[in-house]
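Data file: upload-v5.cif. Format and content: mmCIF, C-alpha atoms.
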data_start
loop_
_atom_site.label_atom_id
_atom_site.label_comp_id
_atom_site.auth_asym_id
_atom_site.auth_seq_id
_atom_site.Cartn_x
_atom_site.Cartn_y
_atom_site.Cartn_z
CA MET H 1 103.20 80.99 124.54
CA LEU H 2 101.80 84.03 122.74
CA HIS H 3 104.42 86.66 121.95
CA LYS H 4 103.86 90.37 121.44
CA ILE H 5 103.90 90.10 117.65
CA ASP H 6 101.11 87.50 117.87
CA THR H 7 98.94 89.59 120.21
CA ASP H 8 99.48 92.73 118.12
CA LYS H 9 98.23 90.94 115.01
CA MET H 10 95.25 89.50 116.86
CA ASN H 11 94.34 92.91 118.30
CA ARG H 12 94.30 94.39 114.80
CA LEU H 13 92.14 91.54 113.51
CA MET H 14 89.72 91.92 116.43
CA GLN H 15 89.10 95.53 115.43
CA THR H 16 87.97 94.55 111.93
CA ASP H 17 85.19 92.06 112.62
CA GLU H 18 82.95 91.41 115.65
CA ALA H 19 82.60 87.67 114.94
CA LEU H 20 86.37 87.37 114.56
CA LYS H 21 86.79 89.27 117.82
CA GLN H 22 84.70 86.68 119.66
CA ILE H 23 86.64 83.78 118.14
CA ILE H 24 90.05 85.29 118.95
CA SER H 25 88.93 86.21 122.48
CA GLN H 26 87.91 82.59 123.05
CA LEU H 27 91.24 81.35 121.66
CA ILE H 28 93.16 83.66 124.01
CA GLU H 29 91.03 82.55 126.96
CA ASN H 30 91.66 78.90 126.08
CA HIS H 31 95.37 79.59 125.74
CA HIS H 32 95.57 81.11 129.22
CA ARG H 33 93.53 78.25 130.69
CA ILE H 34 95.78 75.59 129.13
CA VAL H 35 98.95 77.32 130.37
CA SER H 36 97.45 77.54 133.87
CA GLU H 37 96.46 73.88 133.86
CA ILE H 38 99.88 72.73 132.67
CA SER H 39 101.64 74.90 135.26
CA HIS H 40 99.39 73.55 137.98
CA GLU H 41 99.93 69.90 136.99
CA ILE H 42 103.71 70.33 136.93
CA ARG H 43 103.85 72.38 140.13
CA ASN H 44 102.15 69.73 142.28
CA PRO H 45 104.68 66.89 141.80
CA LEU H 46 107.53 69.40 141.79
CA THR H 47 106.43 70.68 145.21
CA LEU H 48 106.44 67.09 146.48
CA ILE H 49 109.96 66.59 145.13
CA SER H 50 111.12 69.77 146.86
CA SER H 51 109.57 68.66 150.15
CA SER H 52 111.14 65.22 149.82
CA LEU H 53 114.57 66.74 149.27
CA GLN H 54 114.16 68.83 152.42
CA LEU H 55 113.20 65.72 154.42
CA MET H 56 116.16 63.79 153.02
CA GLN H 57 118.50 66.56 154.13
CA ILE H 58 117.00 66.51 157.63
CA HIS H 59 117.26 62.73 157.98
CA TYR H 60 120.63 62.43 156.24
CA PRO H 61 122.51 65.71 156.83
CA GLU H 62 125.70 64.22 155.42
CA ILE H 63 124.05 64.23 151.98
CA VAL H 64 124.90 67.93 151.56
CA SER H 65 128.53 66.89 151.11
CA ASP H 66 127.63 65.10 147.88
CA PRO H 67 128.89 67.26 144.98
CA HIS H 68 125.59 66.87 143.09
CA TRP H 69 123.22 67.63 145.97
CA LEU H 70 123.35 71.42 145.79
CA GLN H 71 122.90 71.33 142.02
CA ILE H 72 119.78 69.16 142.36
CA VAL H 73 118.27 71.42 145.01
CA ASN H 74 119.05 74.56 142.99
CA ASN H 75 117.55 73.07 139.83
CA VAL H 76 114.32 72.16 141.64
CA ASP H 77 114.14 75.65 143.18
CA TYR H 78 114.70 77.18 139.74
CA MET H 79 111.88 75.09 138.24
CA CYS H 80 109.53 76.16 141.05
CA GLN H 81 110.45 79.80 140.44
CA LEU H 82 109.94 79.38 136.68
CA LEU H 83 106.46 77.94 137.19
CA GLU H 84 105.51 80.73 139.60
CA GLU H 85 106.64 83.37 137.12
CA LEU H 86 104.99 81.56 134.22
CA SER H 87 101.69 81.68 136.11
CA ALA H 88 102.27 85.36 136.86
CA PHE H 89 103.04 86.04 133.18
CA ASN H 90 99.93 84.16 132.12
CA SER H 91 97.68 86.20 134.43
CA SER H 92 99.48 89.54 134.03
CA GLY H 93 96.88 90.86 131.60
CA SER H 94 93.99 90.24 134.00
CA LEU H 95 93.35 93.19 136.31
CA HIS H 96 91.43 93.63 139.57
CA SER H 97 91.14 97.39 139.71
CA SER H 98 90.46 99.74 142.58
CA VAL H 99 90.87 103.47 143.14
CA PHE H 100 93.79 104.54 145.33
CA SER H 101 96.16 107.41 146.07
CA MET H 102 99.20 107.06 143.83
CA GLU H 103 101.27 109.21 146.18
CA GLN H 104 100.55 106.97 149.18
CA PHE H 105 100.99 103.84 147.06
CA LEU H 106 104.49 104.83 145.92
CA LYS H 107 105.58 106.04 149.35
CA GLU H 108 104.60 102.72 150.94
CA ILE H 109 106.70 100.82 148.39
CA VAL H 110 109.63 103.19 148.87
CA ILE H 111 109.61 102.70 152.64
CA SER H 112 109.74 98.91 152.22
CA PHE H 113 112.55 99.19 149.69
CA VAL H 114 114.61 101.54 151.90
CA ILE H 115 114.33 99.09 154.81
CA SER H 116 115.57 96.25 152.59
CA LEU H 117 118.49 98.38 151.38
CA ASP H 118 119.52 99.27 154.92
CA ASN H 119 119.58 95.57 155.80
CA GLU H 120 121.12 94.14 152.64
CA ASN H 121 122.83 96.87 150.57
CA PRO H 122 123.85 99.79 152.84
CA ASP H 123 126.33 101.05 150.21
CA ILE H 124 123.52 101.93 147.81
CA GLU H 125 122.13 105.43 148.20
CA PHE H 126 118.43 105.80 147.44
CA THR H 127 116.51 109.03 146.86
CA SER H 128 113.00 109.72 145.62
CA SER H 129 110.79 112.56 144.50
CA ILE H 130 107.09 111.85 144.98
CA PRO H 131 104.93 115.00 144.87
CA ASP H 132 101.58 115.27 146.62
CA ASP H 133 99.64 116.17 143.46
CA LEU H 134 99.66 112.73 141.81
CA GLY H 135 95.97 112.31 142.62
CA LEU H 136 93.87 109.16 142.54
CA PHE H 137 94.54 106.29 140.17
CA SER H 138 92.32 103.41 139.04
CA GLY H 139 94.24 100.19 138.53
CA ASP H 140 95.40 96.87 139.93
CA LYS H 141 97.31 97.87 143.06
CA VAL H 142 98.80 94.40 143.63
CA LYS H 143 100.12 94.01 140.08
CA LEU H 144 101.48 97.57 139.90
CA ARG H 145 103.29 96.97 143.18
CA GLU H 146 104.80 93.85 141.61
CA VAL H 147 106.09 95.97 138.70
CA ILE H 148 107.74 98.61 140.91
CA LEU H 149 109.33 96.03 143.21
CA ASN H 150 110.65 94.06 140.23
CA LEU H 151 112.25 97.21 138.79
CA PHE H 152 113.73 98.01 142.21
CA LYS H 153 115.17 94.49 142.38
CA ASN H 154 116.75 94.82 138.95
CA ALA H 155 118.23 98.21 139.85
CA LYS H 156 119.71 96.82 143.05
CA GLU H 157 121.23 93.83 141.25
CA ALA H 158 122.73 96.07 138.55
CA ILE H 159 124.87 97.87 141.15
CA GLU H 160 128.06 96.25 142.39
CA GLY H 161 129.25 97.92 145.58
CA GLU H 162 128.43 101.60 145.92
CA GLY H 163 125.83 103.26 143.72
CA THR H 164 122.60 105.23 143.55
CA ILE H 165 118.96 104.53 142.79
CA TYR H 166 116.52 107.37 142.14
CA LEU H 167 112.72 107.20 141.82
CA THR H 168 110.73 110.11 140.44
CA ALA H 169 107.02 110.50 139.77
CA ARG H 170 105.04 113.33 138.25
CA ARG H 171 101.70 114.03 136.65
CA GLU H 172 101.60 115.49 133.17
CA SER H 173 98.09 116.49 131.97
CA SER H 174 96.43 113.10 131.27
CA SER H 175 99.42 110.90 132.12
CA LEU H 176 101.36 109.74 135.14
CA LEU H 177 105.11 109.26 134.66
CA ILE H 178 107.19 107.09 136.99
CA GLU H 179 110.94 106.74 136.38
CA LEU H 180 113.48 104.56 138.14
CA THR H 181 117.15 105.26 137.51
CA ASP H 182 120.18 103.34 138.74
CA SER H 183 123.92 103.94 138.40
CA GLY H 184 124.62 100.28 137.71
CA CYS H 185 126.35 98.41 134.93
CA GLY H 186 123.85 99.38 132.25
CA ILE H 187 122.53 97.25 129.40
CA SER H 188 124.28 96.84 126.06
CA ASP H 189 122.53 97.73 122.80
CA GLU H 190 122.70 94.05 121.86
CA TYR H 191 120.76 92.95 124.94
CA ILE H 192 118.36 95.85 125.39
CA LYS H 193 116.42 94.98 122.24
CA SER H 194 115.16 91.72 123.72
CA ILE H 195 114.86 92.30 127.49
CA PHE H 196 111.05 92.41 127.30
CA GLU H 197 110.85 89.11 125.38
CA PRO H 198 109.73 86.07 127.43
CA PHE H 199 112.38 83.50 128.44
CA ILE H 200 115.30 85.60 127.22
CA THR H 201 117.62 86.43 130.08
CA TYR H 202 121.21 87.56 130.48
CA LYS H 203 121.19 87.22 134.26
CA LYS H 204 122.51 84.11 135.97
CA GLY H 205 119.65 82.19 137.54
CA GLY H 206 117.03 84.38 135.83
CA THR H 207 113.91 83.01 134.16
CA GLY H 208 113.52 85.75 131.57
CA LEU H 209 109.96 86.47 132.72
CA GLY H 210 110.36 89.33 135.21
CA LEU H 211 110.44 92.23 132.75
CA PRO H 212 107.93 90.67 130.30
CA ILE H 213 105.51 90.36 133.25
CA CYS H 214 106.08 94.03 134.10
CA LYS H 215 105.49 95.09 130.50
CA ARG H 216 102.26 93.09 130.18
CA ILE H 217 100.92 94.52 133.45
CA ILE H 218 101.63 98.09 132.34
CA GLU H 219 100.13 97.46 128.89
CA ALA H 220 97.03 95.95 130.55
CA HIS H 221 96.66 99.38 132.19
CA ASN H 222 96.93 100.92 128.68
CA GLY H 223 100.34 102.24 129.68
CA ILE H 224 103.88 102.07 128.31
CA LEU H 225 107.02 100.60 129.89
CA SER H 226 110.28 101.62 128.22
CA VAL H 227 113.98 101.55 129.00
CA HIS H 228 117.01 103.72 128.29
CA SER H 229 120.48 102.56 129.24
CA VAL H 230 124.11 103.55 128.84
CA PRO H 231 126.55 100.67 129.41
CA GLY H 232 128.81 101.40 132.37
CA LYS H 233 126.72 104.37 133.53
CA GLY H 234 123.23 103.17 134.38
CA THR H 235 119.67 102.46 133.34
CA THR H 236 116.32 104.23 133.49
CA PHE H 237 112.98 102.43 133.28
CA SER H 238 110.03 104.69 132.50
CA ILE H 239 106.37 103.93 133.14
CA VAL H 240 103.65 106.06 131.53
CA LEU H 241 100.11 105.44 132.77
CA PRO H 242 96.97 107.21 131.50
CA VAL H 243 94.90 108.93 134.21
#

Now that the file is in, can you turn its structure into structure tokens?
Amino acid sequence: MLHKIDTDKMNRLMQTDEALKQIISQLIENHHRIVSEISHEIRNPLTLISSSLQLMQIHYPEIVSDPHWLQIVNNVDYMCQLLEELSAFNSSGSLHSSVFSMEQFLKEIVISFVISLDNENPDIEFTSSIPDDLGLFSGDKVKLREVILNLFKNAKEAIEGEGTIYLTARRESSSLLIELTDSGCGISDEYIKSIFEPFITYKKGGTGLGLPICKRIIEAHNGILSVHSVPGKGTTFSIVLPV
């Protein structure tokens, strides 16, 4: 797995020599292909195992009383989730761009999120400020939606009981700024330094790939994803996209 320090070094080398650029580009392409092939080969038998476990539970419902059954099912589900997110991380730098209204894009996501809050977390108050002058944006709509929804999910999980989540968006000259703030538990200085590193997670059941995927998607758009947090008070994730 290529980490940020590796890609930063390679990007600098690619700027110095055209022949070296072609070699490194081929190495990166091969790296992504190998990761995809490995994920695919593991996912197939794992899917069969998951299906078999479901059939066993149907045919032998008493098996759920076994103290190890739930652990086995949860471990298989976790591995399936890990492979899905590994594939998403591997392809997060590849964009399929289109031109769309950023205002409409954000409002559609907000409506979906509000509906989910009403059904699952009615004690969380959500507000947003999305002006009508955000204009058109050229980018990967599907991947950007994945970023926003992932940040919403993290904000929701950071709040225990009552709390607030606030989304703001504004256009500043040649940049678009999107901020998501929650009043949750916050992130300690010790943890915040590594939350964008792959496979590092401080959340039970997490894969450690959600935020790294978000960061790679934003960087593929030549943007910046950053975080500011105060433990016990809340967290703000900021997205800056060039327009």

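In this structure, atom CA of Glu120 of chain H sits 26.0 Å away from atom CA of Ile195 of chain H.
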
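What the PyMOL selection byres ((chain H and resi 54) around 12) grabs from this file is Thr47, Leu48, Ile49, Ser50, Ser51, Ser52, Leu53, Leu55, Met56, Gln57, Ile58, His59, Tyr60, Pro61, Ile63, Val64, Trp69, Leu70, Ile72, Val73, Val76 and Asp77 of chain H.
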
Next item on the list: Using the chain letters and residue numbers of this document, give as number ranges by chain the residues selected by the PyMOL selection byres ((chain H and resi 153-162) around 9).
Entry: H: 117, 121-125, 148-152, 163-165, 180-186, 234-236

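What the PyMOL selection byres ((chain H and resi 224) around 9) matches in the given file is Lys215, Ile218, Glu219, His221, Asn222, Gly223, Leu225, Ser226, Ser238, Ile239, Val240 and Leu241 of chain H.
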
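Closest approach to Ala169 of chain H among H:Gln104, H:Ser138, H:Ser112, H:Asn119 is made by H:Gln104 (distances from only C-alpha atoms).
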